[in-house]
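Participant: Pasting target22.csv here (CSV, C-alpha atoms):
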```csv
chain,number,residue,atom,x,y,z
G,241,LYS,CA,-39.1,-0.7,7.4
G,242,TYR,CA,-37.3,0.2,4.3
G,243,GLU,CA,-38.1,3.9,4.4
G,244,GLY,CA,-37.0,4.0,8.1
G,245,HIS,CA,-33.7,2.4,7.2
G,246,GLU,CA,-33.2,4.8,4.3
G,247,GLY,CA,-33.9,7.7,6.7
G,248,HIS,CA,-31.4,6.4,9.2
G,249,ASP,CA,-28.8,5.9,6.5
G,250,HIS,CA,-29.0,9.5,5.4
G,251,GLY,CA,-29.0,10.9,8.9
G,252,HIS,CA,-26.1,8.8,9.8
G,253,HIS,CA,-23.7,8.7,6.9
G,254,ALA,CA,-24.6,11.4,4.4
G,255,GLY,CA,-23.0,14.8,4.1
G,256,VAL,CA,-19.8,13.6,5.7
G,257,LEU,CA,-17.1,14.0,3.0
G,258,LEU,CA,-14.1,12.6,4.7
G,259,ASP,CA,-10.7,13.7,3.4
G,260,ARG,CA,-7.9,11.7,4.9
G,261,CYS,CA,-5.4,14.3,3.8
G,262,GLN,CA,-7.0,16.7,6.3
G,263,GLY,CA,-5.4,14.7,9.1
G,264,ILE,CA,-8.0,12.3,10.4
G,265,GLU,CA,-7.7,10.2,13.6
G,266,MET,CA,-8.8,6.8,12.4
G,267,ASP,CA,-11.0,4.6,14.6
G,268,ALA,CA,-9.5,1.3,13.6
G,269,VAL,CA,-7.1,-0.3,11.0
G,270,ALA,CA,-7.2,-3.9,9.8
G,271,VAL,CA,-5.3,-5.6,7.0
G,272,THR,CA,-7.5,-7.8,4.9
G,273,GLU,CA,-6.6,-11.4,3.8
G,274,GLU,CA,-5.4,-9.9,0.5
G,275,GLY,CA,-3.0,-7.7,2.4
G,276,ILE,CA,-4.9,-4.4,1.8
G,277,PRO,CA,-5.1,-2.1,4.8
G,278,TYR,CA,-8.6,-0.9,5.6
G,279,PHE,CA,-8.7,2.4,7.6
G,280,PHE,CA,-12.1,2.9,9.5
G,281,LYS,CA,-13.5,6.3,10.4
G,282,GLY,CA,-17.0,6.7,11.7
G,283,GLY,CA,-19.3,4.8,9.3
G,284,HIS,CA,-16.7,4.9,6.6
G,285,VAL,CA,-13.7,2.9,5.4
G,286,PHE,CA,-10.7,3.9,3.3
G,287,LYS,CA,-9.3,1.0,1.4
G,288,GLY,CA,-5.6,1.1,0.7
G,289,PHE,CA,-3.4,4.2,0.7
G,290,HIS,CA,-5.4,6.4,-1.6
G,291,GLY,CA,-9.0,6.8,-2.9
G,292,LYS,CA,-12.2,8.1,-1.4
G,293,ALA,CA,-14.0,6.9,1.7
G,294,GLU,CA,-16.7,4.3,1.2
G,295,LEU,CA,-19.5,3.3,3.6
G,296,SER,CA,-18.4,0.4,5.8
G,297,ASN,CA,-21.8,-1.2,5.5
G,298,GLN,CA,-21.2,-1.8,1.8
G,299,SER,CA,-18.3,-4.1,2.6
G,300,PHE,CA,-19.6,-5.4,6.0
G,301,ALA,CA,-23.3,-5.1,5.7
G,302,GLU,CA,-24.4,-6.7,9.0
G,303,LEU,CA,-22.4,-4.2,11.1
G,304,ASP,CA,-25.0,-1.7,10.4
G,305,ASP,CA,-28.1,-3.9,10.9
G,306,HIS,CA,-27.0,-4.5,14.5
G,307,HIS,CA,-25.5,-1.2,15.5
G,308,HIS,CA,-26.5,1.6,13.1
G,309,LEU,CA,-22.8,1.9,12.6
G,310,GLY,CA,-21.4,5.1,13.8
G,311,HIS,CA,-17.9,3.8,14.4
G,312,VAL,CA,-15.7,0.8,14.9
G,313,ASP,CA,-13.6,0.7,18.1
G,314,ALA,CA,-11.0,-1.8,16.9
G,315,ALA,CA,-10.5,-4.3,14.1
G,316,PHE,CA,-8.0,-7.0,13.2
G,317,LEU,CA,-7.4,-9.9,10.9
G,318,MET,CA,-7.0,-13.2,12.7
G,319,HIS,CA,-4.1,-14.7,10.8
G,320,PHE,CA,-3.2,-18.1,12.1
G,321,PRO,CA,-3.1,-20.8,9.4
G,322,ASP,CA,-3.0,-23.5,12.0
G,323,LYS,CA,-6.4,-22.3,13.4
G,324,PRO,CA,-8.6,-23.0,10.5
G,325,THR,CA,-11.8,-22.0,12.3
G,326,GLU,CA,-10.6,-18.4,12.8
G,327,HIS,CA,-7.9,-18.0,10.1
G,328,ASP,CA,-8.4,-15.0,7.9
G,329,HIS,CA,-11.5,-13.9,9.8
G,330,ILE,CA,-11.8,-10.1,10.4
G,331,PHE,CA,-12.9,-9.2,13.9
G,332,PHE,CA,-14.6,-5.9,14.7
G,333,MET,CA,-15.1,-4.6,18.2
G,334,LEU,CA,-18.1,-2.2,18.7
G,335,ASP,CA,-18.8,-1.1,22.2
G,336,THR,CA,-19.5,-4.4,24.1
G,337,LYS,CA,-19.9,-6.6,21.0
G,338,VAL,CA,-17.5,-8.5,18.7
G,339,PHE,CA,-18.3,-9.3,15.0
G,340,SER,CA,-16.5,-12.0,13.0
G,341,PHE,CA,-16.5,-11.8,9.2
G,342,TYR,CA,-15.1,-14.3,6.8
G,343,LYS,CA,-14.9,-13.2,3.2
G,344,HIS,CA,-17.2,-10.2,4.0
G,345,GLN,CA,-19.9,-12.5,5.5
G,346,LEU,CA,-20.9,-12.3,9.1
G,347,GLU,CA,-20.2,-15.7,10.8
G,348,THR,CA,-23.2,-17.4,12.3
G,349,GLY,CA,-23.9,-16.7,15.9
G,350,PHE,CA,-22.2,-13.3,15.8
G,351,PRO,CA,-22.3,-10.6,17.1
G,352,LYS,CA,-21.3,-11.9,20.6
G,353,ASP,CA,-20.2,-10.2,23.7
G,354,ILE,CA,-16.5,-9.4,23.8
G,355,SER,CA,-16.3,-11.1,27.3
G,356,GLU,CA,-17.6,-14.4,25.7
G,357,VAL,CA,-15.2,-14.5,22.8
G,358,PHE,CA,-12.2,-12.9,24.5
G,359,PRO,CA,-12.6,-13.5,28.2
G,360,GLY,CA,-10.7,-11.0,30.3
G,361,ILE,CA,-10.7,-8.3,27.7
G,362,PRO,CA,-12.7,-5.1,28.5
G,363,ASP,CA,-15.4,-3.5,26.4
G,364,HIS,CA,-15.1,-0.1,24.6
G,365,LEU,CA,-11.6,-0.8,23.3
G,366,ASP,CA,-9.4,1.7,21.5
G,367,ALA,CA,-7.3,-0.6,19.3
G,368,ALA,CA,-6.3,-4.2,18.6
G,369,VAL,CA,-3.6,-6.0,16.5
G,370,VAL,CA,-2.8,-9.6,15.9
G,371,CYS,CA,0.7,-10.7,17.0
G,372,PRO,CA,1.7,-14.2,15.7
G,373,ALA,CA,4.7,-16.0,17.2
G,374,PRO,CA,7.6,-15.4,17.0
G,375,ASP,CA,6.7,-11.6,17.1
G,376,CYS,CA,5.1,-12.4,20.4
G,377,GLU,CA,6.1,-15.3,22.6
G,378,GLU,CA,3.0,-17.2,21.4
G,379,ASP,CA,0.2,-16.4,19.0
G,380,ALA,CA,-1.6,-13.4,20.6
G,381,VAL,CA,-3.9,-10.5,20.0
G,382,ILE,CA,-2.8,-7.2,21.7
G,383,PHE,CA,-5.8,-5.1,22.9
G,384,PHE,CA,-5.4,-1.4,23.8
G,385,LYS,CA,-7.7,0.6,26.1
G,386,GLY,CA,-6.4,3.9,27.4
G,387,ASP,CA,-2.9,3.1,28.7
G,388,GLU,CA,-3.8,-0.5,29.5
G,389,ILE,CA,-2.4,-3.1,27.2
G,390,TYR,CA,-3.7,-6.7,27.2
G,391,HIS,CA,-1.9,-9.6,25.6
G,392,TYR,CA,-4.5,-12.3,24.8
G,393,ASN,CA,-3.0,-15.7,24.2
G,394,VAL,CA,-5.0,-17.3,21.3
G,395,LYS,CA,-4.3,-20.9,22.4
G,396,THR,CA,-4.7,-20.7,26.2
G,397,LYS,CA,-7.1,-17.7,26.3
G,398,LYS,CA,-4.9,-16.3,29.1
G,399,VAL,CA,-4.7,-12.6,29.4
G,400,GLU,CA,-1.5,-10.8,30.5
G,401,GLU,CA,-1.7,-7.1,31.3
G,402,LYS,CA,1.4,-5.1,30.2
G,403,LYS,CA,2.6,-1.6,30.8
G,404,PHE,CA,4.0,-0.1,27.6
G,405,GLU,CA,6.0,2.8,28.9
G,406,GLY,CA,6.9,5.6,26.5
G,407,MET,CA,4.3,4.6,24.0
G,408,PRO,CA,1.4,6.9,23.3
G,409,ASN,CA,-2.2,5.7,23.8
G,410,CYS,CA,-3.1,4.0,20.5
G,411,THR,CA,-6.4,4.9,18.8
G,412,SER,CA,-5.8,2.2,16.2
G,413,ALA,CA,-3.0,-0.3,15.5
G,414,PHE,CA,-2.0,-2.7,12.8
G,415,ARG,CA,0.7,-5.1,11.6
G,416,PHE,CA,2.0,-4.3,8.2
G,417,MET,CA,5.0,-5.8,6.3
G,418,GLU,CA,5.9,-7.5,9.6
G,419,HIS,CA,6.1,-4.3,11.6
G,420,TYR,CA,3.7,-3.0,14.2
G,421,TYR,CA,2.3,0.5,14.0
G,422,CYS,CA,0.3,2.4,16.7
G,423,PHE,CA,-1.7,5.4,15.4
G,424,HIS,CA,-2.5,8.3,17.7
G,425,GLY,CA,-4.2,11.2,16.1
G,426,HIS,CA,-2.8,11.5,12.5
G,427,GLN,CA,0.6,10.4,13.7
G,428,PHE,CA,2.1,6.9,14.2
G,429,SER,CA,4.8,5.2,16.0
G,430,LYS,CA,6.4,1.8,15.2
G,431,PHE,CA,6.6,-0.3,18.3
G,432,ASP,CA,8.0,-3.7,19.5
G,433,PRO,CA,4.9,-5.8,20.3
G,434,LYS,CA,6.6,-7.6,23.1
G,435,THR,CA,7.8,-4.6,25.1
G,436,GLY,CA,6.0,-1.6,23.5
G,437,GLU,CA,9.4,0.1,23.0
G,438,VAL,CA,9.5,2.7,20.2
G,439,HIS,CA,12.9,2.8,18.4
G,440,GLY,CA,13.9,5.6,16.0
G,441,ARG,CA,12.5,9.0,15.3
G,442,TYR,CA,8.8,8.8,16.1
G,443,PRO,CA,6.0,9.8,16.1
G,444,LYS,CA,5.9,10.4,12.3
G,445,GLU,CA,3.1,11.8,10.2
G,446,ALA,CA,0.6,9.2,8.9
G,447,ARG,CA,-0.1,11.3,5.8
G,448,ASP,CA,3.5,11.0,4.7
G,449,TYR,CA,3.7,7.3,4.8
G,450,PHE,CA,0.3,5.6,4.7
G,451,MET,CA,-1.6,8.0,2.5
G,452,LYS,CA,-1.2,9.5,-0.9
G,453,CYS,CA,-1.6,13.2,-0.2
G,454,SER,CA,-0.1,15.4,-2.9
G,455,LYS,CA,-0.3,18.8,-1.3
G,456,PHE,CA,0.6,17.6,2.2
G,457,ASP,CA,4.2,17.9,2.9
G,458,THR,CA,5.9,18.4,6.3
G,459,THR,CA,8.9,16.2,6.4
G,460,ASP,CA,11.9,15.5,4.4
G,461,HIS,CA,11.0,14.4,0.8
G,462,ILE,CA,13.7,11.7,0.7
G,463,GLU,CA,12.8,9.9,3.9
G,464,ARG,CA,9.2,10.0,3.1
G,465,GLU,CA,9.5,8.8,-0.5
G,466,ARG,CA,12.0,6.1,0.2
G,467,CYS,CA,10.0,4.7,3.1
G,468,SER,CA,6.5,5.2,1.6
G,469,ARG,CA,4.5,2.0,1.2
G,470,VAL,CA,2.4,3.4,-1.6
G,471,HIS,CA,3.1,1.7,-4.9
G,472,LEU,CA,5.4,3.2,-7.5
G,473,ASP,CA,3.8,4.6,-10.7
G,474,ALA,CA,6.9,4.0,-12.9
G,475,ILE,CA,10.6,3.3,-12.7
G,476,THR,CA,13.6,3.1,-15.1
G,477,SER,CA,17.4,3.2,-15.1
G,478,ASP,CA,19.2,5.1,-17.9
G,479,ASP,CA,22.2,4.1,-20.0
G,480,ALA,CA,24.6,5.3,-17.3
G,481,GLY,CA,22.9,3.3,-14.6
G,482,ASN,CA,21.1,6.1,-12.8
G,483,ILE,CA,17.7,5.0,-11.5
G,484,TYR,CA,14.5,7.2,-11.5
G,485,ALA,CA,11.4,6.1,-9.6
G,486,PHE,CA,8.1,8.0,-9.9
G,487,ARG,CA,5.2,8.1,-7.4
G,488,GLY,CA,2.4,10.6,-7.4
G,489,HIS,CA,3.9,14.1,-7.5
G,490,HIS,CA,7.4,13.1,-6.5
G,491,PHE,CA,10.4,11.1,-7.9
G,492,LEU,CA,13.5,9.5,-6.4
G,493,GLU,CA,16.8,9.4,-8.2
G,494,GLN,CA,19.9,7.3,-7.5
G,495,ASP,CA,23.0,8.2,-9.4
G,496,ALA,CA,25.1,5.2,-10.7
G,497,GLY,CA,27.8,4.1,-8.2
G,498,ASN,CA,26.1,6.0,-5.4
G,499,ASP,CA,24.1,4.3,-2.7
G,500,THR,CA,22.1,7.4,-1.6
G,501,TRP,CA,18.8,8.5,-3.1
G,502,ALA,CA,17.7,12.1,-3.8
G,503,ALA,CA,14.0,13.1,-4.1
G,504,ASP,CA,12.2,16.0,-5.6
G,505,THR,CA,8.8,16.9,-7.1
G,506,ILE,CA,8.2,15.8,-10.7
G,507,GLU,CA,7.2,19.4,-11.4
G,508,SER,CA,10.7,20.7,-10.5
G,509,ASP,CA,12.5,18.5,-13.1
G,510,PHE,CA,9.9,17.4,-15.6
G,511,LYS,CA,7.4,20.3,-15.4
G,512,GLU,CA,5.5,19.4,-18.6
G,513,LEU,CA,4.5,16.1,-17.0
G,514,HIS,CA,3.4,17.7,-13.7
G,515,SER,CA,2.7,14.4,-11.8
G,516,GLU,CA,1.2,10.9,-12.0
G,517,VAL,CA,3.3,9.1,-14.6
G,518,ASP,CA,2.0,5.8,-16.1
G,519,ALA,CA,5.2,4.3,-17.4
G,520,THR,CA,8.8,5.3,-18.2
G,521,PHE,CA,11.7,3.8,-20.1
G,522,SER,CA,15.2,4.9,-21.1
G,523,TYR,CA,16.6,4.7,-24.6
G,524,GLU,CA,19.7,6.3,-26.2
G,525,ASN,CA,20.2,8.8,-23.3
G,526,HIS,CA,16.6,9.9,-23.3
G,527,LEU,CA,13.8,9.3,-20.8
G,528,TYR,CA,10.5,8.4,-22.4
G,529,MET,CA,7.6,9.2,-20.1
G,530,VAL,CA,4.1,7.9,-20.8
G,531,LYS,CA,1.1,9.6,-19.2
G,532,ASP,CA,-2.4,8.7,-20.3
G,533,ASP,CA,-2.2,8.6,-24.1
G,534,LYS,CA,0.8,10.9,-24.5
G,535,VAL,CA,4.6,10.4,-24.6
G,536,TYR,CA,7.0,13.0,-23.3
G,537,VAL,CA,10.7,12.7,-24.1
G,538,TYR,CA,13.5,14.3,-22.0
G,539,LYS,CA,17.2,14.3,-22.9
G,540,VAL,CA,19.1,13.1,-19.7
G,541,GLY,CA,21.2,15.9,-18.3
G,542,GLU,CA,21.4,18.7,-15.8
G,543,PRO,CA,18.7,19.9,-16.2
G,544,HIS,CA,16.7,17.3,-18.2
G,545,THR,CA,15.5,19.0,-21.4
G,546,HIS,CA,12.1,18.3,-22.9
G,547,LEU,CA,12.4,17.6,-26.7
G,548,ASP,CA,10.6,19.9,-29.1
G,549,GLY,CA,7.6,18.3,-30.9
G,550,TYR,CA,6.6,16.4,-27.8
G,551,PRO,CA,4.3,15.3,-26.2
G,552,LYS,CA,3.3,13.0,-29.1
G,553,ALA,CA,0.4,10.5,-29.1
G,554,LEU,CA,1.3,7.2,-27.5
G,555,LYS,CA,-0.2,5.5,-30.6
G,556,GLU,CA,2.3,7.4,-32.8
G,557,VAL,CA,5.3,6.6,-30.7
G,558,LEU,CA,4.7,3.0,-29.6
G,559,GLY,CA,1.7,1.9,-31.7
G,560,VAL,CA,-0.4,1.0,-28.8
G,561,ASP,CA,-3.5,2.6,-27.2
G,562,GLY,CA,-3.2,3.9,-23.7
G,563,PRO,CA,-3.4,3.7,-20.8
G,564,ILE,CA,-0.4,1.3,-20.4
G,565,ASP,CA,0.9,-0.1,-17.0
G,566,ALA,CA,4.6,-0.2,-17.5
G,567,ALA,CA,7.4,-0.2,-20.2
G,568,PHE,CA,11.1,-1.0,-20.3
G,569,VAL,CA,14.0,-1.4,-22.6
G,570,CYS,CA,16.8,-3.8,-21.7
G,571,GLN,CA,20.4,-2.6,-22.0
G,572,ASP,CA,21.8,-2.1,-25.5
G,573,HIS,CA,18.6,-3.1,-27.2
G,574,HIS,CA,16.1,-1.0,-29.2
G,575,ILE,CA,13.0,-3.0,-28.3
G,576,ALA,CA,10.5,-1.4,-25.9
G,577,HIS,CA,8.6,-4.0,-23.9
G,578,VAL,CA,5.2,-2.5,-23.2
G,579,ILE,CA,2.9,-4.0,-20.5
G,580,LYS,CA,-0.8,-3.5,-20.7
G,581,GLY,CA,-2.9,-5.6,-18.3
G,582,GLN,CA,-1.5,-9.1,-18.8
G,583,THR,CA,-0.2,-8.6,-22.3
G,584,VAL,CA,3.4,-7.7,-23.2
G,585,TYR,CA,4.0,-6.0,-26.6
G,586,ASP,CA,7.4,-5.6,-28.3
G,587,VAL,CA,8.0,-2.4,-30.2
G,588,ASP,CA,11.1,-1.8,-32.3
G,589,LEU,CA,12.1,1.7,-31.6
G,590,LYS,CA,14.1,2.0,-34.8
G,591,ALA,CA,11.0,1.2,-37.0
G,592,SER,CA,8.7,4.0,-38.2
G,593,PRO,CA,5.8,3.8,-37.9
G,594,PRO,CA,6.0,1.6,-34.8
G,595,VAL,CA,4.6,-1.9,-35.1
G,596,PRO,CA,3.7,-3.5,-31.7
G,597,VAL,CA,4.1,-7.3,-31.8
G,598,LYS,CA,2.4,-9.3,-29.0
G,599,GLU,CA,5.3,-11.0,-27.3
G,600,GLY,CA,3.2,-13.0,-24.9
G,601,SER,CA,1.1,-12.6,-21.8
G,602,PHE,CA,1.8,-13.5,-18.2
G,603,THR,CA,-0.8,-14.9,-15.9
G,604,LEU,CA,1.2,-14.5,-12.6
G,605,PHE,CA,-0.2,-11.0,-12.1
G,606,ASN,CA,-3.4,-9.4,-13.2
G,607,LYS,CA,-1.7,-6.1,-13.4
G,608,VAL,CA,1.7,-4.5,-12.5
G,609,ASP,CA,2.4,-1.0,-11.4
G,610,ALA,CA,5.9,-0.5,-12.9
G,611,ALA,CA,8.8,-2.4,-14.4
G,612,MET,CA,12.5,-1.9,-15.2
G,613,CYS,CA,15.3,-3.9,-16.9
G,614,GLY,CA,19.0,-3.7,-16.0
G,615,PRO,CA,22.1,-5.9,-16.1
G,616,GLU,CA,20.6,-8.3,-13.5
G,617,GLY,CA,17.3,-8.8,-15.5
G,618,VAL,CA,13.8,-7.6,-15.1
G,619,LYS,CA,12.1,-6.2,-12.0
G,620,LEU,CA,8.3,-6.1,-11.9
G,621,PHE,CA,6.7,-3.8,-9.2
G,622,LYS,CA,3.3,-4.5,-7.7
G,623,GLY,CA,2.0,-2.9,-4.5
G,624,ASN,CA,4.9,-2.4,-2.2
G,625,HIS,CA,6.9,-5.4,-3.5
G,626,TYR,CA,9.0,-6.2,-6.6
G,627,PHE,CA,9.8,-9.5,-8.3
G,628,HIS,CA,13.0,-10.3,-10.1
G,629,PHE,CA,13.3,-12.4,-13.3
G,630,GLN,CA,16.6,-13.2,-15.1
G,631,SER,CA,15.2,-12.1,-18.5
G,632,VAL,CA,12.1,-11.1,-20.3
G,633,LYS,CA,11.9,-14.7,-21.6
G,634,VAL,CA,12.1,-16.1,-18.1
G,635,MET,CA,9.4,-13.6,-17.0
G,636,LEU,CA,7.0,-14.7,-19.8
G,637,MET,CA,7.6,-18.4,-19.1
G,638,ALA,CA,7.4,-18.3,-15.3
G,639,LYS,CA,4.8,-20.6,-13.9
G,640,ALA,CA,5.2,-19.4,-10.2
G,641,ILE,CA,5.6,-16.0,-8.7
G,642,PRO,CA,9.3,-15.6,-7.6
G,643,GLU,CA,10.3,-14.5,-4.1
G,644,GLU,CA,8.9,-11.1,-3.3
G,645,HIS,CA,11.2,-8.2,-2.3
G,646,LYS,CA,10.2,-5.2,-0.3
G,647,THR,CA,10.6,-2.1,-2.4
G,648,ALA,CA,11.1,0.4,0.4
G,649,LEU,CA,13.6,-1.7,2.3
G,650,GLU,CA,15.5,-3.6,-0.4
G,651,LEU,CA,15.5,-1.1,-3.2
G,652,PHE,CA,15.4,2.3,-1.5
G,653,GLY,CA,17.3,1.2,1.7
G,654,CYS,CA,14.6,2.5,4.1
G,655,ASP,CA,15.2,1.4,7.6
G,656,HIS,CA,11.6,0.9,8.7
```
So that I can check it, write out the structure of this file as structure tokens.

Facilitator:
Amino acid sequence: KYEGHEGHDHGHHAGVLLDRCQGIEMDAVAVTEEGIPYFFKGGHVFKGFHGKAELSNQSFAELDDHHHLGHVDAAFLMHFPDKPTEHDHIFFMLDTKVFSFYKHQLETGFPKDISEVFPGIPDHLDAAVVCPAPDCEEDAVIFFKGDEIYHYNVKTKKVEEKKFEGMPNCTSAFRFMEHYYCFHGHQFSKFDPKTGEVHGRYPKEARDYFMKCSKFDTTDHIERERCSRVHLDAITSDDAGNIYAFRGHHFLEQDAGNDTWAADTIESDFKELHSEVDATFSYENHLYMVKDDKVYVYKVGEPHTHLDGYPKALKEVLGVDGPIDAAFVCQDHHIAHVIKGQTVYDVDLKASPPVPVKEGSFTLFNKVDAAMCGPEGVKLFKGNHYFHFQSVKVMLMAKAIPEEHKTALELFGCDH
């Protein structure tokens, strides 16, 4: 038996190196209970917005035992806290069957026929997405098959067929940050789950917004960078109040007193860095950029000038070993606060050699992506959200995670 399975595995999954930056039409998308989007293609899954494909059967083993998994038709997370028997279960539709997983374990009794679990819903679906009230009139799951749309009422099990005029046939669909996205090919449209109406300039290119593809670039840098849901690598505001935010190969800049953002490649303004910054902070009209175990320093200006003698070793400049997650200096101070994992170090930038002092540790987050400090206090960035604290002291003493803010919408003013 084992050899047979081994043979099947090779025949089925091996030799397919999927690169989502080539423009793949995904089979299904589901957001896990941790809020991470899983994109399914063939027997593979991409977790989050960047990284390589993994075999789906490593995360959801039993899919393969039953179906020699070649693909998933549709997938969604049932997210209804008042329905404890199904809350946070991930459902997969494969041909005529439905699988229900809870914390990556197949629920007893599954797979079952789709017609048994969701009466009135057809087999061989294209896509599915959960639609809690008030997004839909009542808690529902929306199923897509060709141009047929089925609204399945979770409480009454009634099915309402809808016509979504003007919306392309979805090959996968998901709800993310309280918006509904329909994917068709490697493009997507944002739609209203009640009516299927698509507002705004759609379709847009999925590789611009939901994947981290460095070479791929068709649309306006600014729109894409402001609205991307991929986490920031680093962010800072300089003494004058200009903000710089770095992600992958690009950065966004907002000049003080101006609401609009500009975007460009890191290469164009900070060519020594090239891309992928770990942390950045501003001090005395200079931008300090940390990448791996090196520090690059630029004098703020048009253009920014890279200082002679840099890059220097991180250990020499800040006294800590890399890699670090984030760093910031609060206004008018000469203390760099360096975040590495859950530890915050204070480094006096006037002292030479630098002596990092462990200021404390925070348990609210296991890791942050970026941080900045300004007149309003400290912002910590994680995933596509940021969290605001009145001061470093408040941040270190906090016992509960403060209200989350959406980076794309609330900081960069993206409208979708």

Participant: Expressed in Å to a single decimal, how great is the separation between atom CA of Glu599 of chain G and atom CA of Lys531 of chain G?

Facilitator: 22.5 Å

Participant: Do you know which residues are at most 7 Å from segment 264-281 of chain G counting all atoms listed in the file, after dropping those on the same chain fewer than 6 positions away, and could you put them as a PyMOL selection string?

Facilitator: chain G and resi 287-288+311-317+328+367+411-414+424-426

Participant: For atom CA of Phe652 of chain G and atom CA of Ile506 of chain G, quote the distance in Å rounded to one decimal.

Facilitator: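 Answer for the atom CA of Phe652 of chain G to atom CA of Ile506 of chain G separation: 17.9 Å.
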
Participant: Please return as a list in words every residue within 10 Å of (-21.4, -3.0, 23.5), taking into account all atoms listed in the file and the file's own coordinates.

Facilitator: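 Within the cut-off we find His307, Met333, Leu334, Asp335, Thr336, Lys337, Val338, Pro351, Lys352, Asp353, Ile354, Asp363 and His364 of chain G.
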
Participant: Write out, as a short mmCIF file (atom, residue, chain, number, x, y, z; two decimals), in the coordinates of the input, the residues just selected, with C-alpha atoms.

Facilitator:
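The file below, part26.cif, is the result:
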```
data_model
loop_
_atom_site.label_atom_id
_atom_site.label_comp_id
_atom_site.auth_asym_id
_atom_site.auth_seq_id
_atom_site.Cartn_x
_atom_site.Cartn_y
_atom_site.Cartn_z
CA HIS G 307 -25.50 -1.20 15.50
CA MET G 333 -15.10 -4.60 18.20
CA LEU G 334 -18.10 -2.20 18.70
CA ASP G 335 -18.80 -1.10 22.20
CA THR G 336 -19.50 -4.40 24.10
CA LYS G 337 -19.90 -6.60 21.00
CA VAL G 338 -17.50 -8.50 18.70
CA PRO G 351 -22.30 -10.60 17.10
CA LYS G 352 -21.30 -11.90 20.60
CA ASP G 353 -20.20 -10.20 23.70
CA ILE G 354 -16.50 -9.40 23.80
CA ASP G 363 -15.40 -3.50 26.40
CA HIS G 364 -15.10 -0.10 24.60
#
```

Participant: I'd like the contact shell of Lys598 of chain G - 7 Å cut-off, all atoms listed in the file, skipping same-chain residues fewer than 6 positions apart - returned as number ranges by chain.

Facilitator: G: 584-586

Participant: Report, in Å to a single decimal, how far apart atom CA of Leu651 of chain G and atom CA of Asp495 of chain G are.

Facilitator: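 Computing the Euclidean distance for atom CA of Asp495 of chain G and atom CA of Leu651 of chain G yields 13.5 Å.
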
Participant: Hey, can you pull every residue with an atom no more than 10 Å from (18.5, 20.5, -13.2), using only C-alpha atoms, and send it as a ChimeraX atom specification?

Facilitator: /G:508-510,540-545

Participant: Name all residues at most 8 Å from Gly386 of chain G (count all atoms listed in the file; drop same-chain ones fewer than 3 positions away) and give them as a list in words.

Facilitator: Asp366, Asn409 and Cys410 of chain G

Participant: Considering all atoms listed in the file, can you say which of G:Val578, G:Lys646, G:Lys403, G:Glu524 comes closest to Lys590 of chain G?

Facilitator: G:Glu524

Participant: Kindly indicate which residue among G:Leu303, G:Ile462, G:Ala648, G:Ile382 lies nearest to Gly283 of chain G, using only C-alpha atoms for the distances.

Facilitator: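 So, comparing all the options, the nearest one is G:Leu303.
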
Participant: Assuming the input is short of atoms at segment 409-416 of chain G, produce N, CA, C and O atoms for that part as a CSV table (one decimal), keeping the file's coordinate frame.

Facilitator:
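This went into result09.csv:
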```csv
chain,number,residue,atom,x,y,z
G,409,ASN,N,-1.0,6.5,23.9
G,409,ASN,CA,-2.2,5.7,23.8
G,409,ASN,C,-2.6,5.5,22.3
G,409,ASN,O,-2.8,6.5,21.6
G,410,CYS,N,-2.8,4.3,21.9
G,410,CYS,CA,-3.1,4.0,20.5
G,410,CYS,C,-4.6,4.2,20.2
G,410,CYS,O,-5.5,3.6,21.0
G,411,THR,N,-5.0,4.9,19.2
G,411,THR,CA,-6.4,4.9,18.8
G,411,THR,C,-6.7,3.9,17.7
G,411,THR,O,-7.8,3.5,17.5
G,412,SER,N,-5.7,3.4,17.1
G,412,SER,CA,-5.8,2.2,16.2
G,412,SER,C,-4.4,1.7,16.0
G,412,SER,O,-3.4,2.3,16.3
G,413,ALA,N,-4.3,0.4,15.6
G,413,ALA,CA,-3.0,-0.3,15.5
G,413,ALA,C,-3.1,-1.3,14.4
G,413,ALA,O,-4.1,-1.9,14.2
G,414,PHE,N,-2.0,-1.6,13.7
G,414,PHE,CA,-2.0,-2.7,12.8
G,414,PHE,C,-0.6,-3.2,12.5
G,414,PHE,O,0.4,-2.6,12.9
G,415,ARG,N,-0.6,-4.4,12.0
G,415,ARG,CA,0.7,-5.1,11.6
G,415,ARG,C,0.8,-5.0,10.1
G,415,ARG,O,-0.1,-5.5,9.4
G,416,PHE,N,1.9,-4.5,9.6
G,416,PHE,CA,2.0,-4.3,8.2
G,416,PHE,C,3.4,-4.6,7.8
G,416,PHE,O,4.4,-4.0,8.4
```
